[in-house]
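Quick notes on the structure that follows.
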Amino acid sequence: MKLRTVIKLPTYSCEVVVIVVDSVAEEAGKLYKKYKLKDEFGDEAEGAVLMLDIDKYYLLIGSTYLSHNTLAHEIYHAVVRVTEDRGIVEEEAQAWLVGHLTGVIYKFLEKKNLTITHGR
């Protein structure tokens, strides 16, 4: 499985590419190779946020780990990376971005008929 969507964030001059995959480590490896970077990802994970280019962030979610916990965890990491890379540490801006990404990502997952669990 590999499902993806791109969320454009013009306020921050970047985009977040959300990818649901069977193997987060494998997908991370492909992205590192695409950007000609040394793969420093390591072992398999439930999800990950990679910033290989200041204008594009990758939020990877393992298809077997689609839970509210994993999504919240990775969305938080994405927001911190996007805002701190731009010198923004103001909580209200970060909270707004968390809400925006959460809404868009959940709508995408719902459209793809994916089930989000309450955790393990």
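Note on naming: chains are A, B, ... as they come in the structure tokens, residues start from 1 per chain, ligands start from 1 in the order shown.
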Could you list, as a PyMOL selection string, every residue within 7 Å of Tyr58 (chain A), counting only C-alpha atoms and ignoring same-chain residues fewer than 4 positions away? chain A and resi 16-18+49-51
With only C-alpha atoms as the counted atoms, please give the residues lying no more than 9 Å from Tyr35 (chain A), apart from itself and same-chain residues fewer than 5 positions off, as an MDAnalysis selection string. chainID A and resid 30 52:53
Set the distance at 9 Å and use only C-alpha atoms: which residues neighbour Ser67 (chain A) once local chain neighbours fewer than 6 positions away are removed? I'd like the list as an NGL selection string. :A and (115-120)
Given only C-alpha atoms, how would the per-residue table for region 9-41 of chain A near region 94-110 of chain A read, listing every residue at most 12 Å away with its closest atom pair and distance in Å to one decimal, sorted by chain and number, as CSV?
residue,atom,partner,partner_atom,distance
A:Leu9,CA,A:Leu97,CA,9.2
A:Pro10,CA,A:Leu97,CA,11.8
A:Thr11,CA,A:Leu97,CA,10.1
A:Tyr12,CA,A:Leu97,CA,10.0
A:Glu15,CA,A:Leu101,CA,10.8
A:Val16,CA,A:Leu101,CA,8.8
A:Val17,CA,A:Ile105,CA,10.2
A:Val18,CA,A:Ile105,CA,7.7
A:Ile19,CA,A:Ile105,CA,10.1
A:Val20,CA,A:Leu109,CA,9.1
Please produce a file of those selected residues containing N, CA, C and O atoms, as a tab-separated table (two decimals), in the first residue's frame.
chain	number	residue	atom	x	y	z
A	9	LEU	N	1.15	24.59	2.25
A	9	LEU	CA	1.09	25.56	3.34
A	9	LEU	C	1.72	26.87	2.88
A	9	LEU	O	2.87	27.18	3.19
A	10	PRO	N	0.95	27.68	2.13
A	10	PRO	CA	1.51	28.92	1.59
A	10	PRO	C	1.99	29.89	2.66
A	10	PRO	O	2.96	30.62	2.45
A	11	THR	N	1.36	29.89	3.82
A	11	THR	CA	1.78	30.77	4.91
A	11	THR	C	3.22	30.49	5.32
A	11	THR	O	3.96	31.38	5.72
A	12	TYR	N	3.63	29.22	5.20
A	12	TYR	CA	4.98	28.80	5.60
A	12	TYR	C	5.88	28.50	4.40
A	12	TYR	O	6.98	28.00	4.57
A	15	GLU	N	5.29	22.59	1.75
A	15	GLU	CA	4.21	21.62	1.67
A	15	GLU	C	4.57	20.41	2.52
A	15	GLU	O	5.74	20.14	2.78
A	16	VAL	N	3.52	19.72	2.97
A	16	VAL	CA	3.68	18.49	3.73
A	16	VAL	C	3.12	17.37	2.87
A	16	VAL	O	1.95	17.40	2.50
A	17	VAL	N	3.98	16.41	2.56
A	17	VAL	CA	3.56	15.25	1.77
A	17	VAL	C	3.26	14.14	2.76
A	17	VAL	O	4.16	13.69	3.49
A	18	VAL	N	2.01	13.72	2.81
A	18	VAL	CA	1.59	12.65	3.72
A	18	VAL	C	1.55	11.36	2.92
A	18	VAL	O	0.90	11.29	1.87
A	19	ILE	N	2.25	10.33	3.42
A	19	ILE	CA	2.31	9.06	2.72
A	19	ILE	C	2.01	7.94	3.70
A	19	ILE	O	2.68	7.81	4.73
A	20	VAL	N	1.01	7.13	3.39
A	20	VAL	CA	0.69	5.93	4.17
A	20	VAL	C	1.32	4.76	3.43
A	20	VAL	O	1.04	4.54	2.25
Long-range neighbours of Gly62 (chain A) as a count of residues only, 8 Å cut-off, only C-alpha atoms, 6 positions minimum in chain: 8
So that I can check the secondary structure, give me every residue of chain A assigned helix (DSSP H, G or I) by backbone DSSP, as a ChimeraX atom specification. /A:10-12,24-34,63-65,68-84,91-111
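You will find CA of Glu92 (chain A) at 23.7 Å from CA of Ala48 (chain A).
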